[in-house]
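Asks: Structure in structure tokens, see below.
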Amino acid sequence: MAVWKSIGALAAFGAATANAAALRPQARSYPTLVESAELRESIDIDALVAKAEIFQSFAYRSEGKNRLVASQGHQDTVNYIHDQIAAFPDYYTVEKQPWELLVGAGANVTANNRTIEGFATTLAPAGDVSGPLVAIPNLACNASDFDGIDLTGSIALVHRGVCESGIKNRLAAAKGALGVVIYNNGEGNLKGYSLSLFEDPATPYIPNAGITQGEGEGLVALLSIGQKIHVNVKTDAELKTTYNVNAQTKGGDQDNVIHISGHSDSVAAGPGINDNGSGSISLLEIAIQLTNYTVNNAVRISWWAGEEEGLLGATYYVRQLNQPEKAKIRLLLDFDMMASPNYAFQIYDGDGSAYNMTGPPGSAEAEAEFTNFFANIAHVNHTEIEFDGRSDYGPFLEAGIAAGGIACGAEGIKTEEEEAMFGGAAGVPYDVNYHEDGDTVNNLNHEAWVMMTRAIAHSTATYARSFEGLPPRNSSAAQKRSMKYKDMREGLRKSKRFLRWV
Ligand SMILES: [Zn+2]
């Protein structure tokens with residue numbers, strides 16, 4: 001918002017005006033232009049791990065022992081990142097960018113006066129609603145799933161999965177439902193569960209509670225034999241403010257920005273040190289080391305809040321940018337999970353060669369630059385992963401902004417071929433602690449973390465020097481690609497991979 005507008009007014013290094021010369025620090029010896037090898041070499045595992053210990057201490061002194069969005073553990077993380085950057089006031093402009101979300105704070109569900117364990121839903125409103133329970137067939141992701149069903153005065157019972165739960169809630173509300181009960185699509189609870197989409201003011205959300213798969217299937221079975229079930233859903237929600245941290249170099253061309261980012265929050269289940277303490281800290285360390293150099297293009301660094309609740313911080317950020325501000329971002333690179341214990345070096349498939357999903361122009365070139373790093377500089381193997389919008393680069397793709405990134409892997413299972421390429425163990429998830437309380441400092445892979453951070457350093461230094469090789473800005477081409485991306489995302493909703501995280 002306002003802060004980015006004000007950055008444009010700041011003189012870039014070397015601006016040939018008397019004012020700029022007067023502002024230049026007098027005794028400053030001119031540092032050198034950033035260069036990949038030097039920035040890479042400045043990355044040190046001890047500095048990374050020391051910060052991971054600090055992140056973990058923020059989680060463990062927080063009530064939920066996590067860094068869940070807007071919790072104390074998360075706020076401490078945000079303040080720490082902000083203060084580290086603010087220690088370089090000559091080099092960076094930095095802001096804490098506030099935005100609000102409703103955090104679920106309790107859900108009581110009764111069915112024919114029997115209490116069922118209910119899980120609060122982030123983004124859903126508080127309320128106390130009762131009515132007959134009506135099961136929605138299929139997955140309640142399309143209006144046609146509700147055809148012929150009158151939900152007036154009822155509570156809708158829907159299955160989790162395939163699309164964001166916010167879509168299910170909206171569709172039920174449009175049919176006259178008073179509340180929604182969503183049952184899980186797998187084992188386990190729904191702690192920290194979210195509707196995953198900001199509310200559309202035109203179709204406000206109705207109270208929403210999660211229940212376990214077992215309870216949900218039991219209710220569906222009773223309804224299918226004609227039993228009447230009267231349900232009460234009582235929910236609490238707290239409106240909380242959280243923050244993205246956005247930093248930008250004062251030096252470099254402010255109209256041509258390389259934007260690097262990752263999310264600062266964790267899930268409710270644990271401290272989230274790999275997901276995504278690792279990416280947050282890689283960015284922080286690069287930001288600190290970068291201050292030893294000058295840049296030709298401005299470097300912007302963002303730490304998003306609320307990724308785990310549906311890419312909320314990045315979505316908020318992209319929404320508040322006008323078209324000229326969007327156009328200044330030549331490339332957005334996102335980093336989520338940089339130190340998975342059973343890692344693979346994964347590059348987002350920006351050119352569509354492996355998964356046939358291309359990003360806006362520039363995304364293919366970003367992938368090629370990471371490939372260049374792994375293959376020709378580090379001399380290690382790499383794989384490609386779906387460019388599916390599963391992390392914070394998604395809202396940028398939808399806005400037609402070129403994007404890319406790398407990751408080490410989440411709940412996916414390592415293949416035999418990948419074991420041969422990277423070591424580790426085939427048949428085991430890349431990170432067995434993904435979204436669990438075991439995602440701690442002790443379970444980070446140091447070798448992977450250094451390699452990944454150096455890969456980020458390489459791309460950052462390369463684009464901070466020059467965007468040569470990236471296609472010129474062309475908003476009409478970008479718009480077309482972005483429409484194509486939305487179509488592909490529709491297709492993806494049917495895939496199993498998407499089902500696991502909404
Ligand atoms: Zn993550």
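By convention in this document, the chains of the structure tokens carry letters A, B, ... by their order, each chain's residues are numbered from 1, and ligands are numbered from 1 in the order they are shown.
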Identify all residues of region 223-423 of chain A in alpha helix (DSSP H) (DSSP on the backbone) and supply them as a ChimeraX atom specification.
Replies: /A:223-224,279-290,312-319,323-328,363-372,394-398,416-422
Asks: Could the residues in this selection be saved with C-alpha atoms as a CSV table (one decimal), in the first residue's frame?
Replies:
chain,number,residue,atom,x,y,z
A,223,LEU,CA,-29.6,-39.9,7.4
A,224,SER,CA,-29.5,-42.5,4.6
A,279,GLY,CA,12.5,-20.7,4.1
A,280,SER,CA,11.9,-17.7,6.3
A,281,ILE,CA,15.4,-18.0,7.7
A,282,SER,CA,17.1,-18.6,4.3
A,283,LEU,CA,15.5,-15.3,3.2
A,284,LEU,CA,16.5,-13.5,6.4
A,285,GLU,CA,20.1,-14.6,6.1
A,286,ILE,CA,20.3,-13.6,2.4
A,287,ALA,CA,18.8,-10.3,3.3
A,288,ILE,CA,21.5,-9.7,5.9
A,289,GLN,CA,24.4,-10.8,3.7
A,290,LEU,CA,23.0,-8.7,0.8
A,312,LEU,CA,-4.0,-15.5,2.8
A,313,GLY,CA,-1.1,-13.1,3.4
A,314,ALA,CA,0.1,-13.3,-0.2
A,315,THR,CA,-3.5,-13.1,-1.5
A,316,TYR,CA,-4.0,-9.9,0.5
A,317,TYR,CA,-0.8,-8.5,-0.7
A,318,VAL,CA,-1.5,-9.1,-4.4
A,319,ARG,CA,-5.0,-7.7,-4.1
A,323,GLN,CA,-1.5,-2.8,-12.1
A,324,PRO,CA,1.5,-0.4,-12.3
A,325,GLU,CA,2.8,-1.9,-9.0
A,326,LYS,CA,2.2,-5.4,-10.2
A,327,ALA,CA,4.2,-4.6,-13.3
A,328,LYS,CA,7.2,-3.6,-11.3
A,363,SER,CA,8.4,-18.4,-15.2
A,364,ALA,CA,10.2,-20.8,-17.6
A,365,GLU,CA,13.4,-18.6,-17.4
A,366,ALA,CA,13.2,-18.7,-13.6
A,367,GLU,CA,13.1,-22.5,-13.7
A,368,ALA,CA,16.0,-22.5,-16.2
A,369,GLU,CA,18.1,-20.4,-13.8
A,370,PHE,CA,17.6,-22.8,-10.9
A,371,THR,CA,18.4,-25.7,-13.2
A,372,ASN,CA,21.6,-23.9,-14.2
A,394,GLY,CA,-0.2,-19.0,-6.4
A,395,PRO,CA,-1.9,-15.5,-6.1
A,396,PHE,CA,1.0,-14.0,-8.1
A,397,LEU,CA,0.5,-16.5,-11.0
A,398,GLU,CA,-3.2,-15.6,-11.0
A,416,GLU,CA,13.5,-45.3,-5.9
A,417,GLU,CA,14.8,-43.1,-8.7
A,418,GLU,CA,15.0,-40.1,-6.3
A,419,GLU,CA,16.8,-42.3,-3.7
A,420,ALA,CA,19.4,-42.9,-6.3
A,421,MET,CA,19.6,-39.2,-7.1
A,422,PHE,CA,19.6,-37.7,-3.6
Asks: Quick one: everything within 9 Å of Lys414 (chain A), counting only C-alpha atoms, minus sequence neighbours fewer than 5 positions away in the same chain. Send it as a list in words.
Replies: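 What passes the distance filter is Asn342, Tyr343, Ala344, Gly409, Glu419, Gly424, Ala425, Ala426, Gly427, Val428, Pro429 and Tyr430 of chain A.
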Asks: Would you kindly return, as a CSV table (one decimal) with N, CA, C and O atoms, in the first residue's frame, each protein, DNA or RNA residue with an atom no farther than 9 Å from any atom of region 134-146 of chain A, considering only C-alpha atoms and excluding same-chain residues fewer than 5 positions away?
Replies:
chain,number,residue,atom,x,y,z
A,151,LEU,N,-32.1,-26.2,1.4
A,151,LEU,CA,-31.4,-26.2,2.7
A,151,LEU,C,-32.0,-25.1,3.6
A,151,LEU,O,-31.4,-24.8,4.7
A,154,SER,N,-31.8,-25.2,7.4
A,154,SER,CA,-31.1,-26.5,7.7
A,154,SER,C,-29.6,-26.3,8.1
A,154,SER,O,-29.0,-25.2,7.8
A,155,ILE,N,-29.0,-27.3,8.5
A,155,ILE,CA,-27.5,-27.4,8.7
A,155,ILE,C,-27.0,-28.4,7.6
A,155,ILE,O,-27.5,-29.5,7.6
A,156,ALA,N,-26.1,-28.0,6.8
A,156,ALA,CA,-25.6,-28.8,5.7
A,156,ALA,C,-24.4,-29.7,6.3
A,156,ALA,O,-23.6,-29.2,7.0
A,157,LEU,N,-24.4,-30.9,5.9
A,157,LEU,CA,-23.3,-31.8,6.3
A,157,LEU,C,-22.5,-32.1,5.0
A,157,LEU,O,-23.1,-32.7,4.0
A,158,VAL,N,-21.3,-31.7,4.9
A,158,VAL,CA,-20.5,-31.9,3.7
A,158,VAL,C,-19.1,-32.6,4.0
A,158,VAL,O,-18.6,-32.5,5.1
A,159,HIS,N,-18.6,-33.2,3.0
A,159,HIS,CA,-17.3,-33.9,3.1
A,159,HIS,C,-16.2,-32.9,2.7
A,159,HIS,O,-16.4,-32.1,1.8
A,160,ARG,N,-15.1,-33.0,3.5
A,160,ARG,CA,-14.0,-32.1,3.2
A,160,ARG,C,-13.3,-32.7,1.9
A,160,ARG,O,-13.3,-33.8,1.6
A,161,GLY,N,-12.6,-31.7,1.2
A,161,GLY,CA,-11.7,-32.1,0.1
A,161,GLY,C,-12.0,-31.6,-1.2
A,161,GLY,O,-13.1,-31.1,-1.5
A,162,VAL,N,-11.0,-31.7,-2.1
A,162,VAL,CA,-11.0,-31.3,-3.5
A,162,VAL,C,-11.1,-29.8,-3.8
A,162,VAL,O,-10.4,-29.3,-4.6
A,163,CYS,N,-12.0,-29.1,-3.1
A,163,CYS,CA,-12.0,-27.6,-3.2
A,163,CYS,C,-11.8,-27.0,-1.8
A,163,CYS,O,-12.0,-27.7,-0.8
A,164,GLU,N,-11.6,-25.7,-1.8
A,164,GLU,CA,-11.5,-25.0,-0.5
A,164,GLU,C,-12.8,-25.1,0.2
A,164,GLU,O,-13.9,-25.0,-0.4
A,165,SER,N,-12.8,-25.3,1.5
A,165,SER,CA,-14.0,-25.4,2.3
A,165,SER,C,-14.9,-24.2,2.2
A,165,SER,O,-16.1,-24.2,2.4
A,167,ILE,N,-15.6,-22.6,-0.4
A,167,ILE,CA,-16.6,-22.8,-1.6
A,167,ILE,C,-17.8,-23.6,-1.1
A,167,ILE,O,-18.9,-23.2,-1.4
A,168,LYS,N,-17.6,-24.6,-0.3
A,168,LYS,CA,-18.7,-25.5,0.2
A,168,LYS,C,-19.6,-24.6,1.1
A,168,LYS,O,-20.8,-24.7,1.0
A,169,ASN,N,-19.0,-23.8,1.9
A,169,ASN,CA,-19.8,-23.0,2.8
A,169,ASN,C,-20.6,-22.0,2.1
A,169,ASN,O,-21.8,-21.9,2.3
A,171,LEU,N,-21.7,-22.2,-1.1
A,171,LEU,CA,-22.8,-22.8,-1.8
A,171,LEU,C,-23.9,-23.2,-0.9
A,171,LEU,O,-25.1,-23.1,-1.3
A,172,ALA,N,-23.6,-23.7,0.3
A,172,ALA,CA,-24.6,-24.1,1.2
A,172,ALA,C,-25.4,-22.9,1.7
A,172,ALA,O,-26.6,-22.9,1.8
A,175,LYS,N,-28.0,-21.7,-0.7
A,175,LYS,CA,-29.2,-22.6,-0.7
A,175,LYS,C,-30.0,-22.4,0.5
A,175,LYS,O,-31.0,-23.2,0.8
A,219,LEU,N,-23.1,-40.0,10.8
A,219,LEU,CA,-24.3,-39.2,10.6
A,219,LEU,C,-24.8,-39.5,9.2
A,219,LEU,O,-26.1,-39.5,9.0
A,220,VAL,N,-24.0,-39.6,8.2
A,220,VAL,CA,-24.4,-39.9,6.8
A,220,VAL,C,-25.2,-41.2,6.8
A,220,VAL,O,-26.3,-41.3,6.1
A,223,LEU,N,-28.7,-40.7,8.3
A,223,LEU,CA,-29.6,-39.9,7.4
A,223,LEU,C,-30.0,-40.8,6.2
A,223,LEU,O,-31.2,-40.7,5.8
A,224,SER,N,-29.1,-41.7,5.8
A,224,SER,CA,-29.5,-42.5,4.6
A,224,SER,C,-30.6,-43.5,4.9
A,224,SER,O,-31.2,-44.0,4.0
A,229,ILE,N,-32.2,-35.9,12.1
A,229,ILE,CA,-31.2,-35.5,13.1
A,229,ILE,C,-31.2,-34.0,13.2
A,229,ILE,O,-31.1,-33.3,12.3
Asks: Smallest atom-to-atom distance to Ser62 (chain A): which of A:His259, A:His74, A:Arg454, A:Lys240, using only C-alpha atoms?
Replies: A:His74
Asks: Residues within 7 Å of ligand 1, counting only C-alpha atoms and all ligand atoms: report them as number ranges by chain.
Replies: A: 263, 275-276, 307-308, 336-337, 391
Asks: Could you list, as a list of chain:residue names, every residue within 9 Å of region 44-55 of chain A, counting only C-alpha atoms and ignoring same-chain residues fewer than 5 positions away?
Replies: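 Listed by chain and then number, they are A:Tyr60, A:Arg67, A:Gly73, A:His74, A:Asp76, A:Thr77, A:Tyr80, A:Pro271, A:Gly272, A:Ile273, A:Asn274, A:Gly277, A:Ser278, A:Ile281, A:Ser282, A:Glu285, A:Thr440, A:Val441, A:Leu444, A:His446, A:Glu447, A:Trp449, A:Val450.
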Asks: What is the distance, in Å and to one decimal place, between CA of Tyr355 (chain A) and CA of Thr415 (chain A)?
Replies: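 Those two atoms sit 17.1 Å apart.
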Asks: When you count only C-alpha atoms, which of these residues is closest to Asp128 (chain A): A:Val233, A:Ala221, A:Val245, A:Ala375?
Replies: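 Of A:Val233, A:Ala221, A:Val245, A:Ala375, the one nearest Asp128 (chain A), counting only C-alpha atoms, is A:Val233.
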Asks: How many Å lie between CA of Leu331 (chain A) and CA of Glu468 (chain A), rounded to one decimal?
Replies: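 These two atoms are separated by 12.2 Å.
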Asks: Set the distance at 7 Å and use only C-alpha atoms: which residues neighbour Thr383 (chain A) once local chain neighbours fewer than 2 positions away are removed? I'd like the list as a VMD selection string.
Replies: chain A and resid 345 to 347 385
Asks: Could you please take those selected residues and save N, CA and C atoms as a PDB file, in the first residue's frame?
Replies:
ATOM      1  N   PHE A 345      15.868 -32.129  -4.403  1.00  0.00           N
ATOM      2  CA  PHE A 345      15.993 -30.741  -4.852  1.00  0.00           C
ATOM      3  C   PHE A 345      14.976 -30.526  -5.969  1.00  0.00           C
ATOM      4  N   GLN A 346      13.876 -29.891  -5.603  1.00  0.00           N
ATOM      5  CA  GLN A 346      12.735 -29.769  -6.506  1.00  0.00           C
ATOM      6  C   GLN A 346      12.618 -28.339  -7.036  1.00  0.00           C
ATOM      7  N   ILE A 347      12.438 -28.224  -8.347  1.00  0.00           N
ATOM      8  CA  ILE A 347      12.225 -26.908  -8.972  1.00  0.00           C
ATOM      9  C   ILE A 347      10.792 -26.875  -9.498  1.00  0.00           C
ATOM     10  N   ILE A 385       8.765 -30.234  -9.986  1.00  0.00           N
ATOM     11  CA  ILE A 385       7.470 -30.490  -9.345  1.00  0.00           C
ATOM     12  C   ILE A 385       6.411 -29.585  -9.927  1.00  0.00           C
TER      13      ILE A 385
END
Asks: Which is closer to His435 (chain A) than all the others in A:Ile258, A:Asn296, A:Leu68, A:Lys234, using only C-alpha atoms?
Replies: A:Leu68
Asks: Which is closer to Val34 (chain A) than all the others in A:Gly262, A:Gly310, A:Gly252, A:Pro125, using only C-alpha atoms?
Replies: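 So, comparing all the options, the nearest one is A:Gly252.
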Asks: Record the distance separating CA of Leu101 (chain A) and CA of Glu117 (chain A), expressed in Å with one decimal.
Replies: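 CA of Leu101 (chain A) sits 23.9 Å away from CA of Glu117 (chain A).
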Asks: Hey, what does DSSP flag as strand (DSSP E or B) within region 206-387 of chain A? Can you give it to me as a ChimeraX atom specification?
Replies: /A:208-211,230-249,253-263,266,294,297-304,329-335,346-348,383-385
Asks: Any idea what's packed within 10 Å of Ala269 (chain A), counting only C-alpha atoms, ignoring anything in its chain fewer than 2 positions away? Could you give it as a PyMOL selection string?
Replies: chain A and resi 64-68+191-192+266-267+271-272+434-439
Asks: Could you check the closest approach to Gly118 (chain A) for each of A:Asn189, A:Asn443, A:Thr241, A:Asn433 and tell me which residue wins, using only C-alpha atoms?
Replies: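 Between A:Asn189, A:Asn443, A:Thr241, A:Asn433, the residue approaching Gly118 (chain A) most closely is A:Asn189.
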Asks: Of the candidates A:Gly412, A:Gly423, A:Gly210, A:Gly405, which one gets nearest to Ile456 (chain A) if we count only C-alpha atoms?
Replies: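 Checking each candidate against Ile456 (chain A), we get A:Gly405 as the closest.
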Asks: Leaving out Asp200 (chain A) and any residue of its chain fewer than 5 positions from it, which residues lie within 10 Å of it when counting only C-alpha atoms, given as a PyMOL selection string?
Replies: chain A and resi 166+170+205
